[in-house]
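Containing compact mmCIF, C-alpha atoms: run.txt.
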# COMPACT_ATOMS: atom_id res chain seq x y z
CA MET A 1 -7.56 -16.08 -36.75
CA LEU A 2 -6.11 -18.59 -34.30
CA ILE A 3 -2.55 -17.83 -35.35
CA LEU A 4 -3.20 -14.15 -34.63
CA LEU A 5 -4.45 -15.08 -31.17
CA LEU A 6 -1.28 -17.08 -30.60
CA TYR A 7 0.91 -14.15 -31.64
CA PHE A 8 -1.11 -11.88 -29.35
CA PHE A 9 -0.68 -14.40 -26.51
CA ILE A 10 3.09 -14.38 -27.08
CA LEU A 11 3.03 -10.58 -26.85
CA ILE A 12 1.07 -10.69 -23.59
CA VAL A 13 3.53 -13.17 -22.07
CA ILE A 14 6.39 -10.86 -23.07
CA VAL A 15 4.62 -7.89 -21.46
CA GLN A 16 4.13 -9.87 -18.25
CA LEU A 17 7.78 -10.91 -18.14
CA VAL A 18 8.91 -7.32 -18.78
CA TYR A 19 6.86 -6.18 -15.78
CA TYR A 20 7.91 -8.98 -13.45
CA LEU A 21 11.54 -9.53 -14.42
CA GLY A 22 12.38 -6.10 -15.81
CA ILE A 23 10.62 -3.86 -13.29
CA PHE A 24 9.49 -5.85 -10.24
CA GLY A 25 12.79 -7.71 -10.30
CA LYS A 26 14.55 -4.49 -9.27
CA PHE A 27 13.02 -4.95 -5.83
CA ALA A 28 12.85 -8.75 -5.76
CA PHE A 29 16.56 -9.22 -6.49
CA ALA A 30 17.82 -6.15 -4.61
CA LYS A 31 20.42 -6.65 -1.90
CA ALA A 32 19.39 -6.68 1.73
CA GLN A 33 18.90 -3.14 2.95
CA LYS A 34 21.06 -1.60 5.64
CA ALA A 35 19.58 0.72 8.22
CA THR A 36 22.01 3.30 9.60
CA PRO A 37 20.36 4.90 12.66
CA LYS A 38 19.92 8.66 12.60
CA ARG A 39 18.89 11.05 15.33
CA ILE A 40 16.60 13.31 13.33
CA PRO A 41 13.50 14.52 15.21
CA ILE A 42 10.34 12.65 14.21
CA SER A 43 6.63 13.36 14.61
CA VAL A 44 4.57 10.17 14.43
CA ILE A 45 1.09 11.07 13.20
CA VAL A 46 -1.99 8.92 13.76
CA CYS A 47 -5.46 9.97 12.61
CA ALA A 48 -8.37 8.12 14.20
CA LYS A 49 -12.13 8.20 13.83
CA ASN A 50 -14.09 5.84 16.05
CA GLU A 51 -11.11 3.55 16.67
CA ALA A 52 -11.34 3.18 20.46
CA LYS A 53 -10.41 -0.52 20.60
CA ASN A 54 -7.49 -0.21 18.19
CA VAL A 55 -5.92 2.91 19.71
CA ALA A 56 -6.17 1.40 23.19
CA ASP A 57 -4.16 -1.60 21.96
CA PHE A 58 -1.66 0.04 19.62
CA ILE A 59 -0.76 3.53 20.90
CA PRO A 60 1.45 2.08 23.69
CA LEU A 61 3.46 0.26 20.98
CA LEU A 62 4.15 3.62 19.38
CA ALA A 63 4.82 5.47 22.62
CA GLU A 64 7.41 2.89 23.72
CA GLN A 65 9.52 3.04 20.57
CA ASN A 66 13.28 2.98 21.09
CA TYR A 67 14.13 6.35 19.56
CA PRO A 68 15.80 9.38 21.15
CA ASP A 69 13.70 12.26 19.77
CA PHE A 70 10.08 11.79 18.76
CA GLU A 71 6.58 12.93 19.54
CA ILE A 72 3.23 11.33 18.78
CA VAL A 73 0.48 13.51 17.34
CA LEU A 74 -2.88 11.84 17.91
CA ILE A 75 -5.66 13.30 15.76
CA ASP A 76 -9.22 12.65 16.86
CA ASP A 77 -11.38 13.22 13.79
CA ALA A 78 -14.66 14.05 15.57
CA SER A 79 -15.11 10.52 16.92
CA SER A 80 -18.46 9.56 18.42
CA ASP A 81 -17.01 6.74 20.54
CA SER A 82 -14.42 6.91 23.35
CA THR A 83 -11.41 7.48 21.08
CA LEU A 84 -10.77 11.01 22.41
CA GLU A 85 -11.06 9.90 26.04
CA ILE A 86 -8.49 7.15 25.45
CA PHE A 87 -6.19 9.65 23.75
CA GLU A 88 -6.44 11.92 26.78
CA GLN A 89 -5.55 9.04 29.10
CA PHE A 90 -2.42 8.32 27.06
CA GLU A 91 -1.53 12.01 27.04
CA LYS A 92 -1.31 11.84 30.84
CA LEU A 93 0.87 8.72 30.72
CA TYR A 94 3.35 9.81 28.05
CA THR A 95 4.94 13.24 27.93
CA ASN A 96 5.63 13.02 24.18
CA ILE A 97 1.97 12.61 23.18
CA ARG A 98 0.00 15.57 21.88
CA ILE A 99 -3.65 15.60 20.84
CA VAL A 100 -5.33 17.43 17.97
CA LYS A 101 -9.10 17.61 18.31
CA VAL A 102 -10.96 18.01 15.03
CA GLU A 103 -14.48 19.37 15.03
CA ASN A 104 -16.91 18.58 12.23
CA ASN A 105 -16.49 21.19 9.52
CA GLU A 106 -19.32 21.80 7.07
CA ALA A 107 -16.94 22.25 4.14
CA PHE A 108 -14.74 19.25 5.02
CA TRP A 109 -17.10 16.98 6.92
CA GLY A 110 -15.77 13.44 7.13
CA ASN A 111 -12.65 14.36 5.15
CA LYS A 112 -9.56 12.66 6.56
CA LYS A 113 -7.31 15.02 4.61
CA TYR A 114 -8.65 17.99 6.55
CA ALA A 115 -7.94 16.23 9.87
CA LEU A 116 -4.47 15.21 8.75
CA THR A 117 -3.68 18.75 7.62
CA LEU A 118 -4.45 20.04 11.12
CA GLY A 119 -2.25 17.34 12.62
CA ILE A 120 0.64 18.05 10.25
CA LYS A 121 0.49 21.76 11.04
CA ALA A 122 0.48 20.97 14.75
CA ALA A 123 3.52 18.67 14.51
CA LYS A 124 6.63 20.26 16.02
CA LYS A 125 9.21 18.08 14.25
CA ASP A 126 10.40 18.51 10.66
CA TYR A 127 10.13 14.83 9.74
CA LEU A 128 6.74 13.12 9.76
CA LEU A 129 6.03 9.39 10.07
CA PHE A 130 2.48 8.20 9.39
CA THR A 131 0.54 5.11 10.32
CA ASP A 132 -3.15 4.31 10.73
CA ALA A 133 -5.06 3.84 13.96
CA ASP A 134 -5.57 0.13 13.25
CA CYS A 135 -1.84 -0.48 12.58
CA TYR A 136 1.07 -1.41 14.79
CA PRO A 137 4.85 -1.63 14.22
CA THR A 138 6.67 -4.94 14.22
CA SER A 139 9.30 -3.82 16.71
CA LYS A 140 10.46 -1.00 18.94
CA GLU A 141 12.92 -0.07 16.18
CA TRP A 142 10.24 0.98 13.68
CA ILE A 143 10.97 4.72 13.89
CA THR A 144 14.70 4.01 13.69
CA ALA A 145 14.28 1.79 10.64
CA MET A 146 12.03 4.20 8.72
CA SER A 147 13.96 7.36 9.60
CA SER A 148 17.28 5.72 8.73
CA GLN A 149 16.42 5.96 5.03
CA PHE A 150 16.16 9.75 5.06
CA THR A 151 19.09 11.61 3.51
CA MET A 152 19.74 15.19 2.54
CA HIS A 153 17.97 14.58 -0.79
CA LYS A 154 15.69 11.64 0.00
CA THR A 155 12.87 13.30 1.91
CA ILE A 156 10.08 10.78 1.20
CA VAL A 157 10.26 7.19 2.47
CA LEU A 158 7.82 4.50 1.32
CA GLY A 159 7.38 1.62 3.75
CA TYR A 160 5.53 -1.69 3.81
CA GLY A 161 2.25 -2.14 5.65
CA GLY A 162 1.14 -5.76 5.75
CA TYR A 163 -1.79 -7.63 7.27
CA GLU A 164 -1.87 -10.18 10.05
CA LYS A 165 -1.86 -13.85 9.10
CA ILE A 166 -5.01 -15.83 9.92
CA SER A 167 -4.65 -19.60 9.80
CA ASN A 168 -6.98 -21.65 7.60
CA SER A 169 -8.44 -18.56 5.90
CA PHE A 170 -8.34 -18.46 2.11
CA LEU A 171 -9.68 -14.88 2.15
CA ASN A 172 -6.71 -13.89 4.31
CA LYS A 173 -4.36 -15.35 1.70
CA ILE A 174 -6.04 -13.30 -1.03
CA ILE A 175 -5.87 -10.11 1.06
CA ARG A 176 -2.22 -10.63 1.93
CA PHE A 177 -1.29 -11.56 -1.64
CA GLU A 178 -3.01 -8.44 -2.99
CA THR A 179 -1.14 -6.36 -0.41
CA LEU A 180 2.13 -8.08 -1.33
CA LEU A 181 1.60 -7.55 -5.07
CA THR A 182 0.71 -3.88 -4.54
CA ALA A 183 3.85 -3.41 -2.45
CA ILE A 184 6.00 -5.15 -5.07
CA GLN A 185 4.69 -2.68 -7.63
CA TYR A 186 5.08 0.60 -5.77
CA LEU A 187 8.41 -0.36 -4.19
CA SER A 188 9.78 -1.55 -7.54
CA TRP A 189 8.65 1.52 -9.44
CA ALA A 190 10.14 3.75 -6.73
CA LYS A 191 13.40 1.83 -6.97
CA SER A 192 13.24 2.32 -10.76
CA GLY A 193 12.94 6.08 -10.30
CA ASN A 194 9.20 6.41 -10.86
CA PRO A 195 7.42 6.44 -7.48
CA TYR A 196 3.66 6.64 -7.94
CA MET A 197 2.06 5.73 -4.59
CA GLY A 198 2.58 4.81 -0.98
CA VAL A 199 0.39 3.52 1.84
CA GLY A 200 -0.67 5.60 4.83
CA ARG A 201 -0.13 2.58 7.06
CA ASN A 202 3.61 3.18 6.76
CA LEU A 203 4.82 6.38 5.14
CA ALA A 204 7.27 9.12 6.03
CA TYR A 205 8.19 12.49 4.58
CA LYS A 206 9.72 15.79 5.52
CA LYS A 207 7.16 18.45 6.37
CA GLU A 208 8.50 20.77 3.67
CA GLU A 209 7.34 18.26 1.02
CA PHE A 210 3.79 18.68 2.27
CA PHE A 211 3.85 22.45 1.96
CA ARG A 212 5.76 22.38 -1.33
CA VAL A 213 2.71 20.91 -3.08
CA ASN A 214 0.22 22.86 -0.93
CA GLY A 215 -0.73 19.76 1.00
CA PHE A 216 -3.81 17.94 -0.25
CA ILE A 217 -5.35 20.98 -1.92
CA ASN A 218 -5.08 19.66 -5.48
CA HIS A 219 -7.12 16.56 -4.65
CA ILE A 220 -9.03 17.71 -1.56
CA GLN A 221 -12.31 16.94 -3.36
CA VAL A 222 -11.31 13.26 -3.51
CA ARG A 223 -12.30 11.79 -0.18
CA SER A 224 -9.53 9.19 -0.15
CA GLY A 225 -5.91 9.38 -1.28
CA ASP A 226 -4.20 11.17 1.61
CA ASP A 227 -1.36 8.70 1.02
CA ASP A 228 -1.23 7.57 -2.62
CA LEU A 229 -2.50 10.77 -4.27
CA PHE A 230 -0.10 12.84 -2.20
CA ILE A 231 2.82 10.59 -3.20
CA ASN A 232 1.64 10.59 -6.83
CA GLU A 233 1.98 14.36 -6.81
CA ALA A 234 4.95 14.99 -4.53
CA ALA A 235 7.29 12.05 -5.13
CA SER A 236 10.05 11.91 -7.73
CA SER A 237 13.19 9.92 -8.44
CA LYS A 238 15.25 12.58 -6.66
CA ASN A 239 13.37 12.86 -3.37
CA THR A 240 11.96 9.35 -2.80
CA THR A 241 13.38 6.12 -1.41
CA ILE A 242 12.03 2.92 0.13
CA ALA A 243 12.42 1.07 3.44
CA TYR A 244 12.19 -2.71 3.54
CA THR A 245 14.13 -3.94 6.56
CA PRO A 246 11.86 -6.18 8.69
CA GLU A 247 12.01 -3.67 11.55
CA SER A 248 10.39 -1.04 9.31
CA PHE A 249 7.16 -2.99 8.71
CA THR A 250 3.74 -2.32 10.18
CA TYR A 251 0.79 -4.68 10.34
CA SER A 252 -2.97 -4.26 10.42
CA LYS A 253 -5.91 -6.48 11.21
CA PRO A 254 -7.35 -7.70 7.89
CA LYS A 255 -11.00 -7.67 6.93
CA SER A 256 -12.84 -10.77 8.09
CA THR A 257 -15.41 -11.04 5.31
CA TYR A 258 -15.16 -10.91 1.55
CA LYS A 259 -17.79 -8.14 1.41
CA GLU A 260 -15.84 -5.89 3.79
CA TRP A 261 -12.67 -6.39 1.79
CA ILE A 262 -14.41 -5.62 -1.50
CA VAL A 263 -15.73 -2.35 -0.05
CA GLN A 264 -12.19 -1.43 1.04
CA LYS A 265 -10.66 -2.27 -2.34
CA ARG A 266 -13.39 -0.40 -4.23
CA ARG A 267 -12.30 2.74 -2.38
CA HIS A 268 -8.64 2.14 -3.24
CA LEU A 269 -9.34 1.44 -6.91
CA SER A 270 -11.45 4.58 -7.31
CA THR A 271 -8.55 6.67 -5.99
CA ALA A 272 -6.24 5.32 -8.69
CA ASN A 273 -8.41 7.04 -11.30
CA HIS A 274 -6.82 10.32 -10.17
CA TYR A 275 -3.20 9.25 -10.71
CA LYS A 276 -1.03 10.88 -13.37
CA THR A 277 -1.80 9.65 -16.87
CA LEU A 278 1.44 7.67 -17.29
CA ASP A 279 0.94 5.97 -13.93
CA LYS A 280 -2.60 4.97 -14.85
CA LEU A 281 -1.27 3.67 -18.16
CA GLN A 282 1.40 1.47 -16.59
CA LEU A 283 -1.04 0.11 -14.00
CA GLY A 284 -3.77 -0.44 -16.59
CA THR A 285 -1.37 -2.22 -18.94
CA PHE A 286 -0.22 -4.55 -16.17
CA TYR A 287 -3.71 -5.53 -15.03
CA CYS A 288 -4.99 -5.90 -18.60
CA SER A 289 -2.04 -8.15 -19.43
CA GLN A 290 -2.91 -10.34 -16.44
CA ILE A 291 -6.53 -10.73 -17.53
CA LEU A 292 -5.58 -11.34 -21.16
CA PHE A 293 -2.98 -13.93 -20.16
CA PHE A 294 -5.56 -16.10 -18.43
CA THR A 295 -8.26 -15.50 -21.03
CA LEU A 296 -6.07 -16.36 -24.01
CA ALA A 297 -4.40 -19.29 -22.26
CA ILE A 298 -7.77 -20.90 -21.49
CA LEU A 299 -9.09 -20.17 -24.99
CA LEU A 300 -6.08 -21.53 -26.86
CA LEU A 301 -5.79 -24.62 -24.67
CA SER A 302 -9.50 -25.37 -25.00
CA LEU A 303 -9.15 -25.20 -28.79
CA GLN A 304 -5.96 -27.31 -28.60
CA PHE A 305 -4.28 -24.90 -31.01
CA GLN A 306 -0.49 -25.27 -30.91
CA TRP A 307 -0.96 -26.54 -27.37
CA ILE A 308 2.71 -27.41 -26.88
CA ILE A 309 3.75 -23.83 -27.66
CA VAL A 310 0.93 -22.42 -25.52
CA LEU A 311 1.77 -24.68 -22.59
CA SER A 312 5.47 -23.80 -22.90
CA LEU A 313 4.64 -20.10 -22.78
CA ILE A 314 2.48 -20.63 -19.70
CA VAL A 315 5.32 -22.47 -17.95
CA ILE A 316 7.83 -19.75 -18.89
CA ARG A 317 5.51 -17.05 -17.62
CA TYR A 318 4.97 -18.84 -14.30
CA LEU A 319 8.65 -19.54 -13.81
CA GLY A 320 9.43 -15.84 -14.19
CA THR A 321 6.54 -14.46 -12.17
CA TRP A 322 6.70 -17.03 -9.39
CA THR A 323 10.44 -16.41 -8.95
CA VAL A 324 9.93 -12.66 -8.55
CA VAL A 325 6.96 -13.09 -6.20
CA GLY A 326 8.94 -15.61 -4.16
CA PHE A 327 12.00 -13.39 -3.68
CA SER A 328 9.79 -10.39 -2.90
CA ALA A 329 7.71 -12.36 -0.41
CA GLY A 330 10.93 -13.35 1.33
CA LYS A 331 12.00 -9.71 1.68
CA LEU A 332 8.59 -8.69 3.06
CA LYS A 333 8.25 -11.72 5.37
CA GLU A 334 5.24 -13.14 3.51
CA ASN A 335 6.85 -16.45 2.59
CA ASP A 336 3.78 -18.64 2.99
CA ILE A 337 1.93 -16.66 0.31
CA LYS A 338 4.33 -17.62 -2.46
CA TYR A 339 3.27 -21.26 -2.27
CA TRP A 340 -0.32 -20.24 -3.04
CA PHE A 341 0.64 -17.87 -5.85
CA PRO A 342 -1.07 -19.53 -8.88
CA ILE A 343 -4.36 -19.99 -7.04
CA VAL A 344 -4.63 -16.68 -5.19
CA GLU A 345 -3.52 -14.77 -8.30
CA LEU A 346 -6.48 -16.11 -10.26
CA PHE A 347 -8.95 -15.36 -7.46
CA LEU A 348 -7.49 -11.88 -7.08
CA ILE A 349 -7.92 -11.12 -10.78
CA LEU A 350 -11.56 -12.25 -10.65
CA SER A 351 -12.11 -10.07 -7.57
CA GLN A 352 -10.52 -7.06 -9.25
CA MET A 353 -12.81 -7.50 -12.25
CA ASN A 354 -15.75 -7.59 -9.85
CA ILE A 355 -14.55 -4.40 -8.15
CA PHE A 356 -14.01 -2.59 -11.46
CA ILE A 357 -17.54 -3.45 -12.66
CA ALA A 358 -19.09 -2.44 -9.32
CA ASN A 359 -17.34 0.94 -9.41
CA LEU A 360 -18.81 1.61 -12.86
CA PHE A 361 -22.32 1.56 -11.44
CA SER A 362 -21.95 3.07 -7.96
CA LYS A 363 -19.55 5.15 -5.90
CA PRO A 364 -17.56 3.45 -3.10
CA VAL A 365 -17.85 4.46 0.53
CA HIS A 366 -14.91 6.52 1.89
CA TRP A 367 -13.64 7.80 5.26
CA LYS A 368 -15.95 6.98 8.17
Target format C-alpha cells, applied to this file:
Amino acid sequence: MLILLLYFFILIVIVQLVYYLGIFGKFAFAKAQKATPKRIPISVIVCAKNEAKNVADFIPLLAEQNYPDFEIVLIDDASSDSTLEIFEQFEKLYTNIRIVKVENNEAFWGNKKYALTLGIKAAKKDYLLFTDADCYPTSKEWITAMSSQFTMHKTIVLGYGGYEKISNSFLNKIIRFETLLTAIQYLSWAKSGNPYMGVGRNLAYKKEEFFRVNGFINHIQVRSGDDDLFINEAASSKNTTIAYTPESFTYSKPKSTYKEWIVQKRRHLSTANHYKTLDKLQLGTFYCSQILFFTLAILLLSLQFQWIIVLSLIVIRYLGTWTVVGFSAGKLKENDIKYWFPIVELFLILSQMNIFIANLFSKPVHWK
C-alpha cells in the first residue's frame, strides 16, 4: 500500500512540474515585452455602483492619460450614494467623459452585465478598455501600453490587475499571491494558445468581439463573470494576446479582513463552474494536484516511508515551482511575494478548500 502511495506521489510531483515548468514557464521565462504605441481610438469603460469615494480618487487618473484619442464611458449602475453626482462633476471638467445612467430593471436588477452592455453600446470607439471603479492605472501610459498589443488579428488583450501592498499584513500577502498565481495561469495559458479567462480590472477587446458572441447573453443568468465568462467564450488562440509591461498594470485596494476576502473569492470560484469543460478540467487537475502534493508529502514523511526519496521529490518540486513563481513575480512587479511562497501557498490552499466547502452549502453574494 505504501509503495503505491509513493508511486502516486511521484505522479503528482510530475503533474505539478508539467504545469509549472511546461505551461506556466511560457510566461515566466518569456522575453521582456515591447510596447509599440498605436493611435487607435479607445473607449475606457468603468462601471460603478455605490463607489463614490473610489471614483472621486481614480477617475482623474484615467482622464489624464497620455493618449491622443480616447473617451471615458462612466456607467452609474443605479447607485444610491453620490456616485452619479461625482460623475456629473467630472463630465463638466473633462470633455472626453460621457455618462451612462442605468435605472433598476426588474428583469436585470443588480446585474452588472446589463449595465456594462448599455455602456458598451454607448461607446463611440471601436476598441474598448475596461477597468473597475476601485482600480487605478500605474502610469499615464496605461492606455498606450494596453492598446499597443492590439493587431489586425489580436483583438482581445488580457492585462494584469494587482492589489496594493500593505506592510506587515500576512492577509495582504495571501491576497497578492493568489492574484499573482491566477495571473500566472491565465497569462500562461493565453500564451500557450488556450486563453480561458481575464480580469475586468484590466481587459481590452474590440467591440466587434462583444457582438460576435451576442455579448453576455449566453451567461446572463450568472450574476458574475462579465470578464472571465466572456473571455472563456470569446477568446481563442487566434484573437487573443497578453500585455505585461509595467505601464499596462492596474492596482486595486485589497480587502482588509479575511472574511471580506473569502466572500470575494467565493464569488470568483462559483463563476469558474461555468467555464468550458476542458478549462474546468485543467484548473481542477492543477488544484487537486496541489492538495494531493501536500497531503501525500505529510503522510509519507510522517510514516518515514522512503523518506529520502520523498524529501528529494519535495525539494525538486519546490525548486521548479519557486523558480517559475519568482520569474513571474519579477515580470509582474510582485517580487516580495516570492520570498513568502512556501508559506502563503499552503495558507492559500487551505483557504481555497474552505471556499470550496462553503460554496457547496450556500450561494455566494454577487454584484452589489
Å distance separating atom CA of A:Val73 from atom CA of A:Ile45, one decimal place: 4.8 Å
Distance query A:Phe294 at most 12 Å, only C-alpha atoms, self and fewer than 6 positions along chain excluded, as a PyMOL selection string: chain A and resi 9+12-13+16+287-288+300-301+310+313-314+317-318+342+345-347+349-350
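In this comparison, which uses all atoms listed in the file, the residue of A:Ser289, A:Val324, A:Ser236, A:Ser351 approaching A:Lys265 most closely is A:Ser351.
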Option closest in space to A:Gln221, from A:Asn111, A:Leu116, A:Tyr339, A:Phe170 [counting all atoms listed in the file]: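 Nearest to A:Gln221: A:Asn111.
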Residues within 9 Å of stretch 210-212 of chain A, all atoms listed in the file, excluding chain neighbours under 5 positions, as a ChimeraX atom specification: /A:120,205,230,234
